[in-house]
Structures are given as structure tokens and as C-alpha cells.
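Raw data34.cif, mmCIF, C-alpha atoms:
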```cif
data_input
#
loop_
_atom_site.label_atom_id
_atom_site.label_comp_id
_atom_site.auth_asym_id
_atom_site.auth_seq_id
_atom_site.Cartn_x
_atom_site.Cartn_y
_atom_site.Cartn_z
CA SER A 287 12.07 44.86 19.89
CA THR A 288 14.72 42.33 18.83
CA ASN A 289 14.48 38.63 18.02
CA GLN A 290 11.02 38.89 16.53
CA TYR A 291 10.54 36.56 13.57
CA ALA A 292 8.09 37.34 10.83
CA LYS A 293 7.09 36.03 7.43
CA SER A 294 6.62 39.51 5.91
CA SER A 295 8.71 40.87 3.06
CA VAL A 296 8.87 44.48 4.40
CA ARG A 297 11.90 46.32 3.06
CA ASP A 298 11.17 50.02 3.84
CA TYR A 299 8.59 52.23 5.46
CA SER A 300 7.96 55.98 6.05
CA PHE A 301 7.21 58.17 9.05
CA ASN A 302 5.19 61.34 8.61
CA SER A 303 5.63 64.51 10.72
CA ASN A 304 1.92 64.89 11.35
CA GLY A 305 1.53 67.87 9.05
CA LEU A 306 4.92 69.53 9.51
CA GLY A 307 5.96 68.47 6.06
CA THR A 308 8.88 66.30 7.08
CA ASN A 309 9.00 62.73 5.83
CA LYS A 310 11.75 60.25 6.64
CA THR A 311 12.19 56.91 4.91
CA SER A 312 13.63 54.04 6.88
CA THR A 313 16.94 52.52 5.91
CA GLN A 314 17.91 48.88 6.02
CA SER A 315 21.18 47.03 6.47
CA THR A 316 21.83 43.36 6.87
CA ALA A 317 23.35 42.34 10.18
CA THR A 318 24.51 38.92 11.25
CA SER A 319 21.75 38.78 13.85
CA GLY A 320 19.02 39.47 11.34
CA THR A 321 17.74 42.43 9.35
CA LYS A 322 18.37 45.88 10.85
CA HIS A 323 15.91 48.71 10.18
CA THR A 324 16.39 52.39 11.06
CA GLY A 325 13.14 54.28 11.48
CA TYR A 326 12.27 57.79 12.66
CA VAL A 327 9.88 59.34 15.14
CA VAL A 328 8.77 63.00 14.81
CA ASP A 329 7.02 65.27 17.31
CA LYS A 330 4.75 68.25 16.48
CA ALA A 331 7.59 70.67 17.06
CA GLY A 332 9.57 69.04 14.26
CA ASN A 333 12.09 67.14 16.34
CA ILE A 334 13.22 63.90 14.72
CA ASN A 335 14.88 60.92 16.31
CA SER A 336 16.19 57.79 14.64
CA CYS A 337 15.27 54.41 16.04
CA ASP A 338 17.09 51.20 15.23
CA THR A 339 15.37 47.86 15.52
CA THR A 340 16.40 44.40 14.47
CA ILE A 341 13.71 42.30 12.87
CA LYS A 342 14.53 38.73 11.96
CA LEU A 343 12.82 37.89 8.69
CA ASP A 344 12.60 34.16 7.95
CA GLY A 345 11.97 33.81 4.24
CA THR A 346 12.53 30.07 3.96
CA ASN A 347 10.14 27.25 4.78
CA PRO A 348 11.38 24.58 7.19
CA LEU A 349 12.28 21.08 6.09
CA ALA A 350 9.18 18.96 6.67
CA GLY A 351 9.35 15.98 8.99
CA THR A 352 8.82 12.40 7.88
CA VAL A 353 7.26 9.21 9.21
CA THR A 354 8.59 5.68 9.32
CA MET A 355 5.92 3.06 8.64
CA ARG A 356 6.43 -0.56 9.71
CA LYS A 357 4.45 -3.77 9.67
CA ASN A 358 2.82 -4.57 13.03
CA ASN A 359 5.20 -2.92 15.53
CA SER A 360 8.40 -0.95 16.16
CA SER A 361 10.60 -3.87 15.07
CA GLY A 362 8.55 -4.77 11.99
CA THR A 363 9.60 -4.51 8.37
CA VAL A 364 9.66 -0.95 7.02
CA ILE A 365 7.08 -0.35 4.31
CA SER A 366 7.29 2.25 1.56
CA ASP A 367 4.94 5.09 0.71
CA ASP A 368 1.77 3.81 -1.03
CA ALA A 369 2.34 0.29 0.30
CA LYS A 370 -0.52 -2.23 0.46
CA VAL A 371 -0.23 -4.69 3.35
CA ASN A 372 -2.31 -7.30 5.19
CA THR A 373 -0.92 -6.43 8.63
CA ASN A 374 -1.28 -3.64 11.17
CA VAL A 375 0.84 -0.55 10.44
CA TYR A 376 3.01 1.13 13.09
CA VAL A 377 3.75 4.82 12.39
CA THR A 378 6.65 6.75 13.98
CA LEU A 379 7.28 10.49 13.55
CA ASN A 380 10.66 11.97 12.61
CA ASP A 381 11.04 15.71 13.37
CA GLY A 382 11.59 18.26 10.65
CA LYS A 383 14.34 20.93 10.68
CA ASP A 384 14.73 24.65 10.12
CA THR A 385 18.25 25.62 9.14
CA GLY A 386 19.88 28.49 7.28
CA SER A 387 21.84 31.71 7.81
CA ILE A 388 18.77 33.46 9.25
CA ALA A 389 16.44 30.64 10.31
CA SER A 390 13.88 31.05 13.04
CA GLY A 391 14.33 27.45 14.16
CA HIS A 392 12.13 24.39 14.47
CA TYR A 393 8.94 24.87 16.46
CA THR A 394 6.78 21.73 16.06
CA THR A 395 6.37 18.67 13.88
CA LYS A 396 3.04 16.85 14.06
CA TYR A 397 1.07 14.46 11.89
CA THR A 398 -2.56 13.86 11.10
CA VAL A 399 -3.92 10.54 9.81
CA LYS A 400 -7.06 10.07 7.72
CA LYS A 401 -8.68 6.71 6.96
CA ASP A 402 -10.84 6.75 3.86
CA GLY A 403 -10.96 10.55 4.12
CA THR A 404 -11.94 10.77 7.81
CA ASN A 405 -9.55 11.93 10.53
CA VAL A 406 -8.54 9.17 12.93
CA THR A 407 -5.49 10.92 14.43
CA THR A 408 -4.94 14.67 14.76
CA ASP A 409 -1.69 16.56 15.55
CA ALA A 410 0.10 13.49 16.87
CA THR A 411 3.73 13.53 17.94
CA GLY A 412 4.12 9.97 19.22
CA SER A 413 3.83 6.56 17.59
CA ASN A 414 0.51 4.97 16.66
CA THR A 415 -0.67 1.59 15.37
CA TYR A 416 -3.43 1.25 12.77
CA SER A 417 -5.28 -2.03 12.29
CA ALA A 418 -8.59 -1.40 10.52
CA GLU A 419 -8.88 -2.06 6.80
CA GLY A 420 -8.87 1.03 4.60
CA VAL A 421 -6.80 3.60 2.74
CA TYR A 422 -4.76 5.85 5.03
CA THR A 423 -3.25 9.27 4.37
CA VAL A 424 -0.54 10.60 6.71
CA ILE A 425 0.06 14.36 6.61
CA VAL A 426 3.23 15.54 8.39
CA THR A 427 3.42 19.28 9.12
CA THR A 428 6.53 21.06 10.39
CA THR A 429 6.22 24.64 11.68
CA ASP A 430 9.13 26.98 12.39
CA ASN A 431 9.21 29.82 14.92
CA SER A 432 8.11 32.36 12.29
CA GLY A 433 4.98 30.38 11.51
CA ARG A 434 6.13 29.03 8.17
CA THR A 435 5.09 25.44 7.46
CA SER A 436 6.05 22.55 5.21
CA THR A 437 4.30 19.23 4.74
CA ASN A 438 5.00 15.67 3.60
CA ASN A 439 2.20 13.27 2.62
CA TYR A 440 2.22 9.47 2.77
CA THR A 441 -0.35 6.79 2.00
CA PHE A 442 -0.79 3.12 2.80
CA MET A 443 -3.58 0.55 2.54
CA ILE A 444 -4.49 -2.17 5.02
CA ASP A 445 -6.26 -5.08 3.31
CA LYS A 446 -6.81 -8.23 5.39
CA THR A 447 -9.49 -9.82 3.20
CA LYS A 448 -8.78 -12.81 0.95
CA PRO A 449 -9.29 -12.45 -2.80
CA VAL A 450 -12.34 -14.22 -4.25
CA CYS A 451 -12.19 -17.28 -6.52
CA GLY A 452 -13.97 -16.60 -9.80
CA ALA A 453 -14.97 -18.74 -12.76
CA SER A 454 -12.65 -21.62 -13.60
CA SER A 455 -12.11 -23.97 -16.51
CA THR A 456 -14.54 -26.89 -16.78
CA PHE A 457 -14.05 -30.10 -18.73
CA SER A 458 -16.66 -32.55 -19.96
CA SER A 459 -14.26 -35.44 -20.55
CA TRP A 460 -11.25 -37.06 -18.93
CA ILE A 461 -7.83 -37.23 -20.57
CA ASN A 462 -4.70 -39.27 -19.87
CA THR A 463 -2.22 -36.43 -20.53
CA ASP A 464 -1.25 -33.25 -18.70
CA ARG A 465 -3.93 -30.55 -18.50
CA THR A 466 -3.72 -26.80 -17.81
CA THR A 467 -6.64 -25.14 -16.05
CA SER A 468 -7.22 -21.60 -14.80
CA VAL A 469 -9.35 -19.63 -12.35
CA ALA A 470 -10.32 -15.95 -12.30
CA CYS A 471 -9.48 -13.71 -9.33
CA SER A 472 -11.33 -10.68 -7.95
CA ASP A 473 -10.50 -8.40 -5.01
CA THR A 474 -12.16 -5.11 -3.98
CA GLY A 475 -9.25 -4.02 -1.75
CA SER A 476 -5.65 -4.07 -2.91
CA LYS A 477 -6.66 -5.91 -6.13
CA CYS A 478 -5.41 -9.28 -7.41
CA THR A 479 -1.80 -9.56 -8.54
CA GLN A 480 -3.20 -10.90 -11.82
CA SER A 481 -6.68 -11.34 -13.25
CA SER A 482 -6.45 -15.13 -13.51
CA PHE A 483 -4.16 -17.87 -12.27
CA SER A 484 -3.25 -21.04 -14.19
CA GLN A 485 -1.65 -24.35 -13.30
CA THR A 486 -0.73 -27.49 -15.22
CA PHE A 487 -1.69 -30.76 -13.55
CA THR A 488 0.46 -33.76 -14.38
CA SER A 489 -0.96 -36.40 -12.01
CA THR A 490 -4.23 -38.24 -11.85
CA ALA A 491 -6.92 -36.14 -10.22
CA ALA A 492 -10.57 -35.26 -10.65
CA THR A 493 -10.11 -31.79 -9.13
CA GLY A 494 -7.13 -29.70 -8.07
CA SER A 495 -6.23 -26.55 -6.17
CA ILE A 496 -4.93 -23.22 -7.46
CA THR A 497 -3.85 -20.47 -5.05
CA ILE A 498 -4.68 -16.87 -5.94
CA TYR A 499 -3.10 -13.74 -4.40
CA ASP A 500 -3.84 -10.05 -3.93
CA VAL A 501 -1.30 -7.21 -3.80
CA ALA A 502 -1.45 -6.97 0.01
CA GLY A 503 -0.30 -10.59 0.32
CA ASN A 504 -3.61 -12.30 1.10
CA SER A 505 -4.27 -15.64 -0.62
CA ASN A 506 -7.12 -18.02 -1.24
CA THR A 507 -7.19 -21.63 -2.45
CA CYS A 508 -9.62 -22.37 -5.26
CA THR A 509 -10.87 -25.83 -6.25
CA VAL A 510 -10.78 -26.37 -10.01
CA ASP A 511 -11.81 -29.07 -12.47
CA VAL A 512 -8.92 -31.26 -13.70
CA LYS A 513 -10.12 -34.69 -14.94
CA VAL A 514 -6.70 -36.21 -15.59
CA ASP A 515 -6.46 -40.01 -15.34
CA LYS A 516 -3.13 -41.69 -16.04
CA VAL A 517 -3.91 -44.93 -14.14
CA LYS A 518 -4.88 -48.09 -16.03
CA PRO A 519 -8.28 -49.64 -15.26
CA SER A 520 -8.34 -52.88 -13.28
CA CYS A 521 -9.40 -56.24 -14.65
CA GLY A 522 -12.40 -57.65 -12.88
CA THR A 523 -13.92 -61.13 -12.82
CA ALA A 524 -13.84 -63.03 -16.12
CA THR A 525 -16.31 -65.65 -17.38
CA ALA A 526 -15.47 -68.93 -15.72
CA VAL A 527 -14.56 -71.69 -18.17
CA SER A 528 -14.31 -75.20 -16.79
CA THR A 529 -14.74 -77.30 -19.94
CA TRP A 530 -13.51 -77.29 -23.45
CA VAL A 531 -15.83 -76.74 -26.38
CA ASN A 532 -15.47 -77.25 -30.12
CA THR A 533 -17.61 -74.22 -31.04
CA ASP A 534 -17.17 -70.48 -30.80
CA ARG A 535 -17.02 -69.17 -27.22
CA THR A 536 -17.71 -65.69 -25.84
CA ILE A 537 -15.74 -64.56 -22.83
CA SER A 538 -16.45 -61.46 -20.77
CA ILE A 539 -14.47 -59.69 -18.08
CA GLY A 540 -15.42 -56.98 -15.65
CA CYS A 541 -13.72 -53.60 -15.45
CA SER A 542 -13.14 -51.25 -12.52
CA ASP A 543 -11.58 -47.80 -12.41
CA ALA A 544 -11.51 -45.43 -9.45
CA ASN A 545 -10.90 -42.28 -11.48
CA SER A 546 -12.42 -41.73 -14.91
CA LYS A 547 -14.45 -44.98 -14.58
CA CYS A 548 -14.59 -47.74 -17.15
CA SER A 549 -16.21 -46.95 -20.46
CA THR A 550 -18.37 -50.03 -19.89
CA ALA A 551 -18.73 -52.32 -16.90
CA THR A 552 -18.00 -55.51 -18.89
CA PHE A 553 -15.89 -56.24 -21.94
CA SER A 554 -16.63 -59.25 -24.13
CA ASN A 555 -14.91 -61.08 -26.95
CA THR A 556 -15.99 -64.07 -29.01
CA PHE A 557 -13.32 -66.60 -29.79
CA THR A 558 -13.76 -68.70 -32.88
CA LYS A 559 -12.29 -72.13 -33.52
#
```
The structure given in the file should be rewritten as C-alpha cells.
Amino acid sequence: STNQYAKSSVRDYSFNSNGLGTNKTSTQSTATSGTKHTGYVVDKAGNINSCDTTIKLDGTNPLAGTVTMRKNNSSGTVISDDAKVNTNVYVTLNDGKDTGSIASGHYTTKYTVKKDGTNVTTDATGSNTYSAEGVYTVIVTTTDNSGRTSTNNYTFMIDKTKPVCGASSTFSSWINTDRTTSVACSDTGSKCTQSSFSQTFTSTAATGSITIYDVAGNSNTCTVDVKVDKVKPSCGTATAVSTWVNTDRTISIGCSDANSKCSTATFSNTFTK
């Protein structure tokens, strides 16, 4: 019969005369409609008849389809293969093709999605949204009318969990100049963009905040030790003096400081005549 597509690489074949000693080998010629074969049938009396048949042989795999992956929905930002995001992912299928001088034509394009190795979508043709955290693999398979297939693979990760603040710098004393402090970052999902984050504090503060980030775009604010004090202490109440004396006199004054605190609550000085 005609218009039958096959993946085989048959080029010739023989017909036997069932013991009459006559063998005929098929011939082949290329026609625009496919591959033409001439075969022979033989009866027991020795009569031979030639039979022409056109068999379309598709020796080329189709062009595999693709998927478009976007953040959140059909109008979201397109993400690349192997992307790590902290949003839902919307997947749309784009059909494959089967073209060529003797191509059987496109039959189907479907995709299967696995999350952490387990199928969550099988042989899909429409769009789907994925929201659960995990590593996803998208396998797109295009099949032509001869049964040949081609595939494209894609991956993406959904990570919606904040990175974790680790150990940070600690200081036993206050200073009145700028100070740089750092904090470690850990993340079991998309991983931190860097192992530790640093910041220089230029204003008076006992503690400060450093923001850490993971690859998917999640962030966390970590409280760190700073101990920078650039504000002068305040003068408190001084010893009251109402009369003059002609001997040495000791005067004291209180001290207050809201940040690093005064080194002592009262400061004294003895004045000599």
C-alpha cells in the first residue's frame, strides 16, 4: 500500500519461487512521493509478476518542541532553563516540527514534568502552573507520523524559603569610629548568593541590620553587633559650691551616656590654691 511511513532502513529484498529455483531481487528507485520498490510474486507453475509499491521511509527525527517558562502566570517574566525562582512557574508548550524532502509530518508534542524525580504531570499539551518548592525537570517529546521522536529537557527550581542568618561578628568594646561587621548565610534550597555578608556602620548604634540573599531572590534581615558610639557623653550635676575657701577643693560632676555608657558615673578633680 502507499503512504505508509516506517523507520526501517530496508533497501532490497528477495522473493523465492517455492522450490522452482527462480529468485528475483527487488529493485528500488527514488520517487518524489517517497521510495518506490518493485517486488515479485511467483506461483508454483513458475509464473512471475512484478509488483510496485511506494513506501515512505522517514529517516530523520523531528524537531523537538520547546516550553516557555514564566514567573507566576502567562504574562509573567520569562525565565531561562535552570532558573531558580521564589515564585510559581507557569509552563506553556510550543509544538515541534517535522520537515524535509520526505518527512512523515508532525504527530504529537507533549511534555512530562517531574518534581524531585517524581512525575507530577504526564503527557501534557496545555499550560500548567507549579507552586510547590522543589527541583523540576520538564521533558518535551515530539513524535512524527513514522514514530520517530526527539526530546528537549528543561529544569527549574522553586525556592520560597528565606536564607538563614548564621554566626556574626561580636565585639567586646565600643569604638567611636566606623566599624565593619559580617554575618554568615546558609540556605538548603537555591543556596546563598555569597557565604557571608558585610556592612560598614558609620553612625552610633549598639546593633545593626544586614540583609542576606539566596539565588532565588529570597532575603532575610539579620541583627548584628555594632557598638559604635560617636556621641559625646552628657555632663550631669556638679558639686554645689556656695562659698569661697582658701584651701584645696575637690569638685565632682556626674556623667550620663545613652550609648556606650560613661566609664564612671562621677568624675572628680581637686583644685589647689
Applying 10 Å and only C-alpha atoms, which residues near stretch 516-528 of chain A remain after dropping the ones on its own chain fewer than 4 positions away? List them as a ChimeraX atom specification. /A:460-464,488-491,535-549,551-554
With a distance cut-off of 10 Å and all atoms listed in the file, select the neighbouring residues of A:Ser472, excluding the residue or stretch itself and same-chain residues fewer than 6 positions from it, and output the selection as a PDB file with C-alpha atoms, in the frame of the given file.
```pdb
ATOM      1  CA  LYS A 448      -8.780 -12.810   0.950  1.00  0.00           C
ATOM      2  CA  PRO A 449      -9.290 -12.450  -2.800  1.00  0.00           C
ATOM      3  CA  VAL A 450     -12.340 -14.220  -4.250  1.00  0.00           C
ATOM      4  CA  CYS A 451     -12.190 -17.280  -6.520  1.00  0.00           C
ATOM      5  CA  GLY A 452     -13.970 -16.600  -9.800  1.00  0.00           C
ATOM      6  CA  CYS A 478      -5.410  -9.280  -7.410  1.00  0.00           C
ATOM      7  CA  THR A 479      -1.800  -9.560  -8.540  1.00  0.00           C
ATOM      8  CA  GLN A 480      -3.200 -10.900 -11.820  1.00  0.00           C
ATOM      9  CA  SER A 481      -6.680 -11.340 -13.250  1.00  0.00           C
ATOM     10  CA  SER A 482      -6.450 -15.130 -13.510  1.00  0.00           C
ATOM     11  CA  ILE A 498      -4.680 -16.870  -5.940  1.00  0.00           C
ATOM     12  CA  TYR A 499      -3.100 -13.740  -4.400  1.00  0.00           C
ATOM     13  CA  ASP A 500      -3.840 -10.050  -3.930  1.00  0.00           C
TER      14      ASP A 500
END
```
Between atom CA of A:Ala502 and atom CA of A:Ala418, what is the distance, to one decimal in Å?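 It comes out at 13.9 Å.
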Box along x, y and z, 6 Å on every side, all listed atoms of stretch 378-397 of chain A inside: centre and edge lengths in Å to one decimal, as lines of an AutoDock Vina configuration file.
```
center_x = 11.5
center_y = 20.1
center_z = 11.9
size_x = 32.8
size_y = 38.7
size_z = 21.2
```
Which residues, named as in the file, does the PyMOL selection byres ((chain A and resi 557) around 7) pick out? Answer as a list in words. Asp534, Arg535, Thr536, Asn555, Thr556, Thr558 and Lys559 of chain A
